[in-house]
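Containing compact mmCIF, C-alpha atoms and all ligand atoms: start-v6.txt.
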# COMPACT_ATOMS: atom_id res chain seq x y z
CA MET A 796 14.31 10.64 29.89
CA ILE A 797 12.21 9.58 26.92
CA ARG A 798 13.10 6.09 25.77
CA MET A 799 13.59 5.89 22.00
CA ALA A 800 12.54 2.99 19.78
CA ASP A 801 14.97 0.07 19.88
CA ARG A 802 15.31 0.11 16.10
CA LEU A 803 17.22 3.40 16.29
CA GLY A 804 19.93 1.73 18.37
CA LYS A 805 21.63 0.37 15.26
CA VAL A 806 21.58 3.65 13.35
CA ASP A 807 24.04 6.51 13.72
CA LEU A 808 24.47 9.89 12.03
CA SER A 809 26.94 9.71 9.17
CA ASP A 810 30.65 10.57 9.30
CA VAL A 811 30.10 12.81 6.25
CA ARG A 812 27.80 14.93 8.34
CA LYS A 813 30.11 14.86 11.35
CA MET A 814 33.08 15.99 9.22
CA PHE A 815 30.99 18.77 7.74
CA GLU A 816 30.05 19.98 11.20
CA ALA A 817 33.70 19.82 12.36
CA SER A 818 34.97 21.93 9.43
CA GLY A 819 35.75 25.65 9.54
CA GLU A 820 35.10 28.53 7.17
CA ASN A 821 38.49 28.43 5.43
CA ASP A 822 38.66 24.67 5.08
CA ILE A 823 38.36 23.14 1.63
CA ASN A 824 35.67 20.52 1.65
CA LEU A 825 36.47 17.40 -0.35
CA GLY A 826 34.02 15.46 1.77
CA LEU A 827 30.64 16.32 0.34
CA GLY A 828 28.53 14.27 -2.04
CA GLU A 829 26.91 17.30 -3.58
CA PRO A 830 27.76 18.91 -6.95
CA ASP A 831 28.99 22.49 -6.44
CA PHE A 832 27.39 23.70 -9.71
CA ASP A 833 24.37 25.94 -10.05
CA ILE A 834 21.22 24.23 -11.38
CA PRO A 835 20.41 24.50 -15.13
CA GLU A 836 19.18 27.98 -16.16
CA ASN A 837 16.10 26.57 -17.89
CA VAL A 838 15.13 24.76 -14.67
CA LYS A 839 15.44 28.02 -12.74
CA LYS A 840 13.12 29.83 -15.16
CA THR A 841 10.64 26.98 -15.16
CA VAL A 842 10.28 26.82 -11.39
CA ILE A 843 9.90 30.60 -11.10
CA ASN A 844 7.09 30.42 -13.69
CA CYS A 845 5.61 27.49 -11.81
CA ILE A 846 5.33 29.55 -8.63
CA GLU A 847 4.03 32.63 -10.47
CA ASN A 848 1.39 30.51 -12.20
CA GLY A 849 0.20 29.06 -8.92
CA PHE A 850 1.22 25.44 -9.49
CA THR A 851 1.98 25.25 -5.79
CA HIS A 852 -0.42 22.72 -4.29
CA TYR A 853 -0.49 18.99 -3.59
CA THR A 854 -0.14 16.76 -6.62
CA SER A 855 -1.25 13.14 -6.92
CA ASN A 856 0.57 10.93 -4.41
CA ILE A 857 2.40 8.94 -7.04
CA GLY A 858 3.58 12.08 -8.88
CA CYS A 859 2.47 14.25 -11.81
CA ILE A 860 1.56 12.24 -14.87
CA GLU A 861 3.59 14.50 -17.21
CA LEU A 862 6.76 13.86 -15.20
CA ARG A 863 6.14 10.12 -14.89
CA GLU A 864 5.58 9.88 -18.64
CA GLU A 865 8.82 11.75 -19.26
CA ILE A 866 10.66 9.40 -16.88
CA SER A 867 9.14 6.44 -18.71
CA LYS A 868 10.51 7.81 -22.03
CA LYS A 869 13.92 8.35 -20.44
CA LEU A 870 14.02 4.76 -19.14
CA ARG A 871 13.17 3.43 -22.59
CA LYS A 872 15.73 5.62 -24.35
CA ASP A 873 18.67 5.52 -21.92
CA ASN A 874 18.20 2.20 -20.16
CA SER A 875 16.25 -0.07 -22.57
CA VAL A 876 13.70 -0.47 -19.78
CA ASN A 877 10.04 -0.63 -20.78
CA LEU A 878 7.98 0.58 -17.85
CA ASP A 879 5.04 2.91 -18.31
CA SER A 880 3.95 5.73 -16.02
CA SER A 881 1.87 3.44 -13.78
CA SER A 882 5.12 1.66 -12.81
CA ILE A 883 6.84 4.87 -11.75
CA MET A 884 6.57 6.79 -8.47
CA VAL A 885 8.10 10.22 -7.87
CA THR A 886 9.83 10.39 -4.48
CA THR A 887 11.49 12.93 -2.19
CA GLY A 888 14.95 12.18 -3.54
CA ALA A 889 16.51 8.77 -4.00
CA SER A 890 16.79 8.86 -0.21
CA GLU A 891 13.06 8.52 0.30
CA ALA A 892 12.89 5.88 -2.42
CA LEU A 893 15.48 3.74 -0.59
CA TYR A 894 13.70 4.15 2.72
CA ILE A 895 10.16 3.43 1.57
CA ALA A 896 11.32 0.54 -0.63
CA SER A 897 12.92 -1.06 2.44
CA GLN A 898 9.82 -0.43 4.56
CA GLY A 899 7.56 -1.82 1.87
CA LEU A 900 9.61 -4.87 0.93
CA PHE A 901 11.47 -6.22 3.94
CA ASN A 902 10.26 -8.14 6.95
CA LYS A 903 11.99 -8.64 10.26
CA ASP A 904 14.96 -10.98 9.83
CA ASP A 905 14.90 -10.96 6.03
CA GLU A 906 18.44 -10.82 4.69
CA VAL A 907 19.38 -8.02 2.33
CA LEU A 908 22.74 -8.02 0.57
CA ILE A 909 24.41 -4.63 0.49
CA PRO A 910 27.69 -3.47 -1.08
CA ASP A 911 30.67 -3.06 1.28
CA PRO A 912 32.05 -0.46 0.91
CA GLY A 913 28.72 1.15 0.12
CA PHE A 914 26.54 4.20 0.59
CA LEU A 915 25.62 4.65 4.26
CA SER A 916 21.86 4.70 3.74
CA TYR A 917 21.67 1.07 2.62
CA ARG A 918 22.59 -0.40 5.99
CA ALA A 919 20.46 2.18 7.83
CA CYS A 920 17.37 1.59 5.66
CA VAL A 921 17.65 -2.19 6.05
CA ASP A 922 18.18 -1.82 9.81
CA LEU A 923 15.20 0.51 10.14
CA ALA A 924 13.07 -2.14 8.42
CA GLU A 925 14.38 -4.56 11.08
CA ALA A 926 15.82 -6.76 8.35
CA LYS A 927 19.43 -7.94 8.35
CA PRO A 928 22.05 -6.22 6.18
CA ILE A 929 24.56 -8.74 4.77
CA PRO A 930 27.69 -7.06 3.39
CA ILE A 931 29.04 -8.15 0.02
CA LYS A 932 32.70 -7.26 0.19
CA THR A 933 34.37 -5.81 -2.86
CA SER A 934 38.12 -5.43 -3.13
CA PHE A 935 40.65 -2.81 -4.06
CA ASP A 936 42.33 -5.34 -6.38
CA ASN A 937 39.10 -5.66 -8.37
CA ASP A 938 38.52 -1.89 -8.37
CA TYR A 939 35.66 -2.46 -5.89
CA LYS A 940 33.39 -3.95 -8.57
CA MET A 941 30.78 -6.31 -7.18
CA GLU A 942 31.09 -9.89 -8.50
CA TYR A 943 28.08 -12.14 -8.95
CA VAL A 944 29.85 -15.11 -7.30
CA ASP A 945 30.09 -13.17 -4.05
CA VAL A 946 26.36 -12.50 -4.22
CA GLN A 947 25.67 -16.14 -5.06
CA ASP A 948 27.69 -17.28 -2.02
CA LYS A 949 25.46 -15.32 0.37
CA ILE A 950 22.08 -16.38 -1.00
CA ASN A 951 19.90 -18.56 1.23
CA SER A 952 16.21 -19.00 1.96
CA LYS A 953 16.13 -15.74 3.93
CA THR A 954 17.55 -13.61 1.12
CA LYS A 955 14.97 -11.01 0.19
CA GLY A 956 16.96 -8.47 -1.74
CA VAL A 957 20.25 -7.13 -3.02
CA ILE A 958 21.13 -3.48 -3.34
CA LEU A 959 23.32 -2.52 -6.28
CA ASN A 960 24.87 0.88 -6.81
CA SER A 961 26.70 1.47 -10.06
CA PRO A 962 28.47 3.88 -10.42
CA SER A 963 29.24 3.56 -6.73
CA ASN A 964 29.44 5.94 -3.85
CA PRO A 965 32.10 5.83 -2.31
CA THR A 966 34.37 4.01 -4.79
CA GLY A 967 33.31 5.22 -8.25
CA ALA A 968 33.23 1.54 -9.35
CA VAL A 969 31.10 0.76 -12.40
CA MET A 970 29.82 -2.81 -12.63
CA ASP A 971 30.24 -4.66 -15.90
CA LYS A 972 27.35 -6.07 -17.90
CA GLU A 973 28.23 -9.74 -17.26
CA ASN A 974 28.08 -9.42 -13.48
CA ILE A 975 24.89 -7.36 -13.57
CA LYS A 976 23.26 -9.88 -15.86
CA ALA A 977 24.37 -12.81 -13.69
CA ILE A 978 22.94 -11.17 -10.55
CA CYS A 979 19.71 -10.56 -12.48
CA ASP A 980 19.55 -14.27 -13.32
CA LEU A 981 20.03 -15.06 -9.62
CA SER A 982 17.16 -12.71 -8.73
CA ILE A 983 14.83 -14.69 -10.98
CA ASP A 984 16.09 -18.13 -9.90
CA HIS A 985 15.93 -17.30 -6.18
CA ASP A 986 13.02 -14.86 -6.30
CA PHE A 987 14.54 -11.81 -4.62
CA ILE A 988 14.40 -8.15 -5.55
CA ILE A 989 17.26 -6.06 -6.85
CA ILE A 990 17.15 -2.48 -5.63
CA SER A 991 19.29 -0.67 -8.15
CA ASP A 992 20.44 2.78 -7.06
CA GLU A 993 21.42 4.49 -10.32
CA ILE A 994 21.76 8.05 -9.07
CA TYR A 995 25.27 8.45 -10.60
CA GLU A 996 24.25 6.89 -13.91
CA LYS A 997 25.08 9.96 -16.00
CA ILE A 998 28.37 10.76 -14.27
CA ILE A 999 30.50 8.11 -15.92
CA TYR A 1000 33.87 8.15 -17.71
CA ASP A 1001 35.06 5.62 -20.32
CA ALA A 1002 32.50 3.05 -19.19
CA LYS A 1003 28.89 2.13 -19.94
CA HIS A 1004 26.01 2.04 -17.50
CA TYR A 1005 23.68 -0.98 -17.55
CA SER A 1006 20.43 -1.02 -15.66
CA PRO A 1007 19.50 -4.40 -14.10
CA ALA A 1008 15.85 -3.62 -14.89
CA GLN A 1009 16.79 -4.33 -18.51
CA PHE A 1010 17.50 -7.97 -17.59
CA SER A 1011 15.28 -8.77 -14.61
CA GLU A 1012 11.72 -7.73 -13.85
CA ASN A 1013 12.54 -8.34 -10.18
CA THR A 1014 14.20 -4.94 -10.13
CA LEU A 1015 13.27 -1.72 -8.43
CA LEU A 1016 15.19 1.02 -10.22
CA ILE A 1017 15.95 4.15 -8.20
CA ASN A 1018 17.27 7.37 -9.65
CA GLY A 1019 17.10 11.11 -8.98
CA PHE A 1020 17.97 14.64 -9.97
CA SER A 1021 20.50 15.53 -7.25
CA LYS A 1022 23.70 14.53 -8.99
CA ALA A 1023 23.39 14.95 -12.78
CA TYR A 1024 21.41 18.21 -12.50
CA SER A 1025 22.83 19.47 -9.15
CA MET A 1026 19.24 19.73 -7.88
CA THR A 1027 20.03 18.45 -4.38
CA GLY A 1028 17.80 21.01 -2.65
CA PHE A 1029 14.81 20.11 -4.83
CA ARG A 1030 14.65 16.75 -3.06
CA ILE A 1031 13.31 14.78 -5.97
CA GLY A 1032 13.91 11.28 -7.32
CA TYR A 1033 11.89 8.30 -8.46
CA MET A 1034 11.48 4.56 -8.37
CA ALA A 1035 10.36 2.30 -11.20
CA GLY A 1036 9.42 -1.36 -11.05
CA GLN A 1037 6.59 -3.85 -11.28
CA THR A 1038 3.25 -2.02 -11.00
CA ASN A 1039 2.03 -4.11 -8.05
CA VAL A 1040 5.27 -3.39 -6.14
CA ILE A 1041 4.92 0.35 -6.81
CA ASP A 1042 1.25 0.28 -5.78
CA GLU A 1043 2.14 -1.32 -2.45
CA ILE A 1044 5.10 0.96 -1.69
CA LEU A 1045 2.83 3.90 -2.52
CA LYS A 1046 1.10 3.23 0.81
CA VAL A 1047 4.33 4.00 2.67
CA HIS A 1048 4.98 7.07 0.50
CA GLN A 1049 1.46 8.38 1.05
CA TYR A 1050 1.79 8.31 4.83
CA ASN A 1051 5.39 9.52 4.69
CA THR A 1052 5.31 12.61 2.48
CA ALA A 1053 1.92 12.48 0.69
CA CYS A 1054 3.54 13.76 -2.50
CA VAL A 1055 6.68 15.48 -3.73
CA SER A 1056 6.72 19.29 -3.98
CA SER A 1057 4.86 20.42 -7.12
CA ILE A 1058 7.62 22.96 -7.78
CA SER A 1059 10.33 20.31 -7.72
CA GLN A 1060 8.31 18.07 -10.02
CA THR A 1061 8.05 20.88 -12.57
CA GLY A 1062 11.81 21.49 -12.33
CA ALA A 1063 12.57 17.79 -12.76
CA TYR A 1064 10.35 17.59 -15.86
CA GLU A 1065 12.23 20.49 -17.43
CA ALA A 1066 15.60 18.99 -16.45
CA LEU A 1067 14.78 15.69 -18.14
CA LYS A 1068 13.46 17.31 -21.29
CA ASN A 1069 15.95 20.08 -21.97
CA SER A 1070 19.19 19.76 -20.03
CA ASN A 1071 21.37 17.32 -21.99
CA GLU A 1072 24.02 19.92 -22.70
CA TYR A 1073 24.16 20.88 -19.03
CA VAL A 1074 24.85 17.25 -18.06
CA GLU A 1075 27.55 16.90 -20.75
CA ASN A 1076 29.37 19.98 -19.44
CA LEU A 1077 29.06 18.83 -15.83
CA VAL A 1078 30.58 15.44 -16.67
CA LYS A 1079 33.41 17.10 -18.66
CA GLU A 1080 34.28 19.31 -15.69
CA PHE A 1081 34.17 16.38 -13.25
CA LYS A 1082 36.54 14.46 -15.53
CA ARG A 1083 39.00 17.39 -15.54
CA ARG A 1084 38.92 17.49 -11.73
CA LYS A 1085 39.25 13.73 -11.45
CA ASP A 1086 42.44 13.84 -13.54
CA LEU A 1087 43.78 16.59 -11.28
CA ILE A 1088 43.03 14.59 -8.12
CA LEU A 1089 44.60 11.42 -9.50
CA SER A 1090 47.82 13.20 -10.41
CA GLY A 1091 47.80 14.80 -6.93
CA LEU A 1092 47.40 11.37 -5.33
CA ASP A 1093 50.33 10.11 -7.42
CA ASP A 1094 52.44 12.96 -6.02
CA LEU A 1095 51.32 12.09 -2.50
CA GLY A 1096 52.18 8.43 -3.10
CA LEU A 1097 48.66 7.19 -2.36
CA GLU A 1098 47.30 4.08 -4.06
CA TYR A 1099 43.84 4.29 -5.61
CA SER A 1100 41.48 2.03 -7.55
CA ASN A 1101 40.08 2.71 -11.02
CA SER A 1102 37.09 4.94 -10.40
CA GLN A 1103 34.99 5.11 -13.57
CA GLY A 1104 32.02 7.05 -12.31
CA ALA A 1105 30.44 9.38 -9.72
CA PHE A 1106 32.76 12.07 -8.29
CA TYR A 1107 34.74 10.16 -5.71
CA VAL A 1108 38.07 8.43 -5.41
CA PHE A 1109 38.68 6.00 -2.58
CA PRO A 1110 42.43 5.69 -1.96
CA LYS A 1111 43.97 3.27 0.50
CA ILE A 1112 45.82 4.65 3.47
CA GLU A 1113 47.05 3.21 6.77
CA ASN A 1114 45.51 4.93 9.81
CA ALA A 1115 42.83 6.58 7.70
CA MET A 1116 41.08 8.24 10.64
CA ASP A 1117 44.32 9.76 11.87
CA TYR A 1118 45.09 11.05 8.36
CA VAL A 1119 41.62 12.58 8.07
CA MET A 1120 42.12 14.43 11.37
CA ARG A 1121 45.54 15.72 10.29
CA ALA A 1122 44.11 16.79 6.92
CA LEU A 1123 41.39 18.69 8.78
CA LYS A 1124 44.05 20.50 10.83
CA SER A 1125 45.74 21.57 7.60
CA GLY A 1126 42.42 22.82 6.24
CA VAL A 1127 41.12 19.96 4.07
CA VAL A 1128 37.92 18.04 4.85
CA LEU A 1129 37.99 14.37 3.86
CA VAL A 1130 35.78 11.46 4.91
CA PRO A 1131 37.16 8.34 6.62
CA GLY A 1132 36.35 5.07 4.86
CA ARG A 1133 35.12 3.30 8.00
CA GLY A 1134 31.54 4.60 7.71
CA PHE A 1135 31.13 2.90 4.34
CA GLY A 1136 31.67 -0.59 5.70
CA GLU A 1137 33.94 -2.92 7.60
CA SER A 1138 36.29 -3.45 4.68
CA SER A 1139 37.23 0.19 4.26
CA ARG A 1140 38.83 1.13 7.56
CA ASN A 1141 42.02 1.84 5.60
CA ASN A 1142 40.50 4.14 3.01
CA ILE A 1143 39.50 7.74 2.68
CA ARG A 1144 36.82 9.11 0.39
CA ILE A 1145 37.78 12.16 -1.61
CA SER A 1146 35.00 13.99 -3.41
CA TYR A 1147 35.84 16.25 -6.33
CA ALA A 1148 32.60 18.17 -6.07
CA ASN A 1149 34.59 21.33 -5.44
CA SER A 1150 36.17 23.83 -7.84
CA TYR A 1151 39.36 23.01 -9.80
CA GLU A 1152 41.17 25.85 -8.02
CA ASN A 1153 40.06 24.63 -4.58
CA ILE A 1154 41.18 21.10 -5.39
CA GLU A 1155 44.61 22.45 -6.45
CA GLU A 1156 44.88 24.32 -3.16
CA ALA A 1157 43.69 21.29 -1.16
CA LEU A 1158 46.32 19.08 -2.80
CA ASP A 1159 49.00 21.65 -1.90
CA ARG A 1160 47.79 21.60 1.71
CA LEU A 1161 47.84 17.78 1.78
CA LYS A 1162 51.48 17.84 0.63
CA THR A 1163 52.36 19.42 3.96
CA ILE A 1164 51.22 16.38 5.97
CA LYS A 1165 52.71 12.89 5.99
CA CYS A 1166 50.73 9.92 4.69
C1 LIG B 1201 24.53 6.38 -3.80
C2 LIG B 1201 23.56 7.42 -3.39
N1 LIG B 1201 22.26 7.11 -3.42
C3 LIG B 1201 21.33 8.01 -3.04
C4 LIG B 1201 21.67 9.26 -2.63
C5 LIG B 1201 20.58 10.21 -2.19
O1 LIG B 1201 20.28 11.12 -3.18
P1 LIG B 1201 19.04 12.13 -3.07
O2 LIG B 1201 19.62 13.50 -2.98
O3 LIG B 1201 18.31 11.93 -4.38
O4 LIG B 1201 18.22 11.76 -1.92
C6 LIG B 1201 23.02 9.64 -2.58
C7 LIG B 1201 23.43 10.97 -2.11
O5 LIG B 1201 24.54 11.24 -1.75
C8 LIG B 1201 23.99 8.69 -2.99
O6 LIG B 1201 25.29 8.98 -2.97
Show me the file's structure as structure tokens.
Amino acid sequence: MIRMADRLGKVDLSDVRKMFEASGENDINLGLGEPDFDIPENVKKTVINCIENGFTHYTSNIGCIELREEISKKLRKDNSVNLDSSSIMVTTGASEALYIASQGLFNKDDEVLIPDPGFLSYRACVDLAEAKPIPIKTSFDNDYKMEYVDVQDKINSKTKGVILNSPSNPTGAVMDKENIKAICDLSIDHDFIIISDEIYEKIIYDAKHYSPAQFSENTLLINGFSKAYSMTGFRIGYMAGQTNVIDEILKVHQYNTACVSSISQTGAYEALKNSNEYVENLVKEFKRRKDLILSGLDDLGLEYSNSQGAFYVFPKIENAMDYVMRALKSGVVLVPGRGFGESSRNNIRISYANSYENIEEALDRLKTIKC
């Protein structure tokens, strides 16, 4: 038998994927982190034109200049972040950005603070860089918002980075400005990098998004087109940070993917320029579904935290894994909290990236099983 690299020993396939594979045709999937909407019409037309006009070859490794300039404008306008195109790299989704950032920045045994509960890739990317993920626990009572004091407590001479994710997957927590700013101050005082995953930035309700890059130049901002524009299959995102950091990480990107698909880059450019109304409508619809889910959870008697962004709620439940299995038997796919970190064994993640009607039906099905 072929012996695999030791570094893979710490990494497992995600529960989200396992639940998806276990589900049947008539099950309603409230497990997926993927918007169920079609992509914007203007993006469709643009990419068809792109193919017909033969813009179908390699681009520069770092990404097309037109797209990077448009991202630079967006960062200035939406995030008060002044980074020009030379500080921006286009990546194969936020996923690649997280992976190559970890490969480019972390050494063996460096400590990297990650949110717990948090998106599964953070631990895996840090592990694959042979660095050490250090969980920063957030609590139900504080609506899972990360507090700067908890970050401060874990800082030592080995601390190389902290990963922030606001709005958060899986909790929907949105960090407030004071805590973001305080963590930014720590990053300067202790000379570590903040990797800020802002992929849910636009999907936010009654709260404001702040980008750490506004307050600390020791930030690598990561964003993408999968969530706000439903362009998951385009596999496109970006990272923005200090030019020398981008230049170095570019080496990993070059030998990883060479460049992002030219077609996807054209679609992303169009999305950024002309799809504001699309995003507004998407957020409105998510809000409608969120209200439906919350009233359903009230009926089921499940406790949940205040989720101000993304498209997830993260209710507490005893025996979460058992509940998830019983929900699956009654035709509803949910994700157990355990995969998101040690502190969420008694949670489930519910995604409302499914139609209003399907969510209504799923809630009816859940009423037939005991919590
Ligand atoms: C928090 C978070 N970051 C990054 C990603 C990856 O996004 P992409 O499709 O851009 O690779 C996801 C996808 O689910 C996510 O939830």
Output as AutoDock Vina command-line options the centre and edge lengths (Å, one decimal) of the box along x, y and z of the file that holds every listed atom of range 842-850 of chain A after adding 4 Å on each side.
--center_x 5.2 --center_y 29.0 --center_z -11.2 --size_x 18.1 --size_y 15.2 --size_z 13.1
Worksheet entry | Cut-off 12 Å around (38.9, 19.0, -16.2) with only C-alpha atoms: residues as JSON, numbers by chain | {"A": [1076, 1077, 1078, 1079, 1080, 1081, 1082, 1083, 1084, 1085, 1086, 1087, 1088, 1089, 1147, 1148, 1149, 1150, 1151, 1152, 1154, 1155]}
Worksheet item: So which residues are near ligand LIG 1201 (chain B), meaning at most 6 Å away with all atoms listed in the file counted, given back as a ChimeraX atom specification?
Response: /A:828,888-890,914,964,992,994,1019,1021,1027,1030-1032
Fill in: Contact residues around Lys840 in chain A with all atoms listed in the file at 12 Å, ignoring same-chain residues under 3 positions, as a list in words
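Everything that qualifies: Ile834, Pro835, Glu836, Asn837, Ile843, Asn844, Cys845, Ile846, Glu847, Ile1058, Thr1061, Gly1062, Glu1065 and Ala1066 of chain A.
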Fill in: From A:Tyr1033, A:Ser1006, A:Ala896, A:Lys1046, residue lying nearest Lys872 in chain A [only C-alpha atoms]
A:Ser1006
Practice prompt. Point out the residue among A:Ser982, A:Asn902, A:Thr1038, A:Asn1141 with the least atom-to-atom distance to Asn951 in chain A, counting only C-alpha atoms.
Written response: A:Ser982
Fill in: Distance criterion (all atoms listed in the file): nearest to Glu1075 in chain A out of A:Ile1112, A:Ile998, A:Tyr1099, A:Pro930
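That would be A:Ile998, the residue with the smallest distance to Glu1075 in chain A.
Candidate residues A:Gly858, A:Pro1131, A:Gly1028, A:Gly1136 were compared for distance to Arg812 in chain A, and the nearest is A:Pro1131, using all atoms listed in the file.
Atom pair CA of Ser1090 in chain A / CA of Leu1158 in chain A has a distance of 9.7 Å (rounded to one decimal).
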Quick one: range 1048-1065 of chain A with N, CA, C and O atoms, as a JSON list (two decimals), in the coordinates of the input?
[["chain", "number", "residue", "atom", "x", "y", "z"],
["A", 1048, "HIS", "N", 4.72, 5.70, 0.99],
["A", 1048, "HIS", "CA", 4.98, 7.07, 0.50],
["A", 1048, "HIS", "C", 3.84, 8.01, 0.91],
["A", 1048, "HIS", "O", 4.08, 9.12, 1.38],
["A", 1049, "GLN", "N", 2.61, 7.53, 0.75],
["A", 1049, "GLN", "CA", 1.46, 8.38, 1.05],
["A", 1049, "GLN", "C", 1.48, 8.86, 2.50],
["A", 1049, "GLN", "O", 1.22, 10.02, 2.78],
["A", 1050, "TYR", "N", 1.84, 7.92, 3.43],
["A", 1050, "TYR", "CA", 1.79, 8.31, 4.83],
["A", 1050, "TYR", "C", 3.12, 8.92, 5.29],
["A", 1050, "TYR", "O", 3.26, 9.35, 6.43],
["A", 1051, "ASN", "N", 4.08, 8.95, 4.38],
["A", 1051, "ASN", "CA", 5.39, 9.52, 4.69],
["A", 1051, "ASN", "C", 5.45, 10.98, 4.26],
["A", 1051, "ASN", "O", 5.69, 11.87, 5.07],
["A", 1052, "THR", "N", 5.18, 11.23, 2.97],
["A", 1052, "THR", "CA", 5.31, 12.61, 2.48],
["A", 1052, "THR", "C", 4.07, 13.08, 1.72],
["A", 1052, "THR", "O", 4.05, 14.22, 1.25],
["A", 1053, "ALA", "N", 3.12, 12.21, 1.50],
["A", 1053, "ALA", "CA", 1.92, 12.48, 0.69],
["A", 1053, "ALA", "C", 2.29, 12.63, -0.79],
["A", 1053, "ALA", "O", 1.89, 11.84, -1.63],
["A", 1054, "CYS", "N", 3.07, 13.64, -1.12],
["A", 1054, "CYS", "CA", 3.54, 13.76, -2.50],
["A", 1054, "CYS", "C", 4.78, 14.65, -2.49],
["A", 1054, "CYS", "O", 5.07, 15.33, -1.50],
["A", 1055, "VAL", "N", 5.48, 14.64, -3.61],
["A", 1055, "VAL", "CA", 6.68, 15.48, -3.73],
["A", 1055, "VAL", "C", 6.24, 16.90, -4.09],
["A", 1055, "VAL", "O", 5.21, 17.10, -4.75],
["A", 1056, "SER", "N", 7.03, 17.89, -3.68],
["A", 1056, "SER", "CA", 6.72, 19.29, -3.98],
["A", 1056, "SER", "C", 6.38, 19.48, -5.47],
["A", 1056, "SER", "O", 7.12, 19.02, -6.35],
["A", 1057, "SER", "N", 5.28, 20.16, -5.73],
["A", 1057, "SER", "CA", 4.86, 20.42, -7.12],
["A", 1057, "SER", "C", 5.93, 21.20, -7.87],
["A", 1057, "SER", "O", 6.18, 20.98, -9.06],
["A", 1058, "ILE", "N", 6.60, 22.10, -7.16],
["A", 1058, "ILE", "CA", 7.62, 22.96, -7.78],
["A", 1058, "ILE", "C", 8.81, 22.10, -8.23],
["A", 1058, "ILE", "O", 9.31, 22.23, -9.35],
["A", 1059, "SER", "N", 9.21, 21.19, -7.38],
["A", 1059, "SER", "CA", 10.33, 20.31, -7.72],
["A", 1059, "SER", "C", 9.97, 19.40, -8.89],
["A", 1059, "SER", "O", 10.81, 19.12, -9.76],
["A", 1060, "GLN", "N", 8.72, 18.95, -8.92],
["A", 1060, "GLN", "CA", 8.31, 18.07, -10.02],
["A", 1060, "GLN", "C", 8.38, 18.82, -11.36],
["A", 1060, "GLN", "O", 8.80, 18.27, -12.38],
["A", 1061, "THR", "N", 7.99, 20.08, -11.34],
["A", 1061, "THR", "CA", 8.05, 20.88, -12.57],
["A", 1061, "THR", "C", 9.50, 21.07, -13.00],
["A", 1061, "THR", "O", 9.83, 20.96, -14.19],
["A", 1062, "GLY", "N", 10.38, 21.33, -12.01],
["A", 1062, "GLY", "CA", 11.81, 21.49, -12.33],
["A", 1062, "GLY", "C", 12.40, 20.21, -12.88],
["A", 1062, "GLY", "O", 13.20, 20.24, -13.83],
["A", 1063, "ALA", "N", 12.02, 19.08, -12.31],
["A", 1063, "ALA", "CA", 12.57, 17.79, -12.76],
["A", 1063, "ALA", "C", 12.11, 17.48, -14.19],
["A", 1063, "ALA", "O", 12.90, 16.98, -15.01],
["A", 1064, "TYR", "N", 10.87, 17.81, -14.50],
["A", 1064, "TYR", "CA", 10.35, 17.59, -15.86],
["A", 1064, "TYR", "C", 11.19, 18.38, -16.86],
["A", 1064, "TYR", "O", 11.63, 17.86, -17.89],
["A", 1065, "GLU", "N", 11.45, 19.64, -16.53],
["A", 1065, "GLU", "CA", 12.23, 20.49, -17.43],
["A", 1065, "GLU", "C", 13.67, 19.95, -17.54],
["A", 1065, "GLU", "O", 14.25, 19.93, -18.63]]
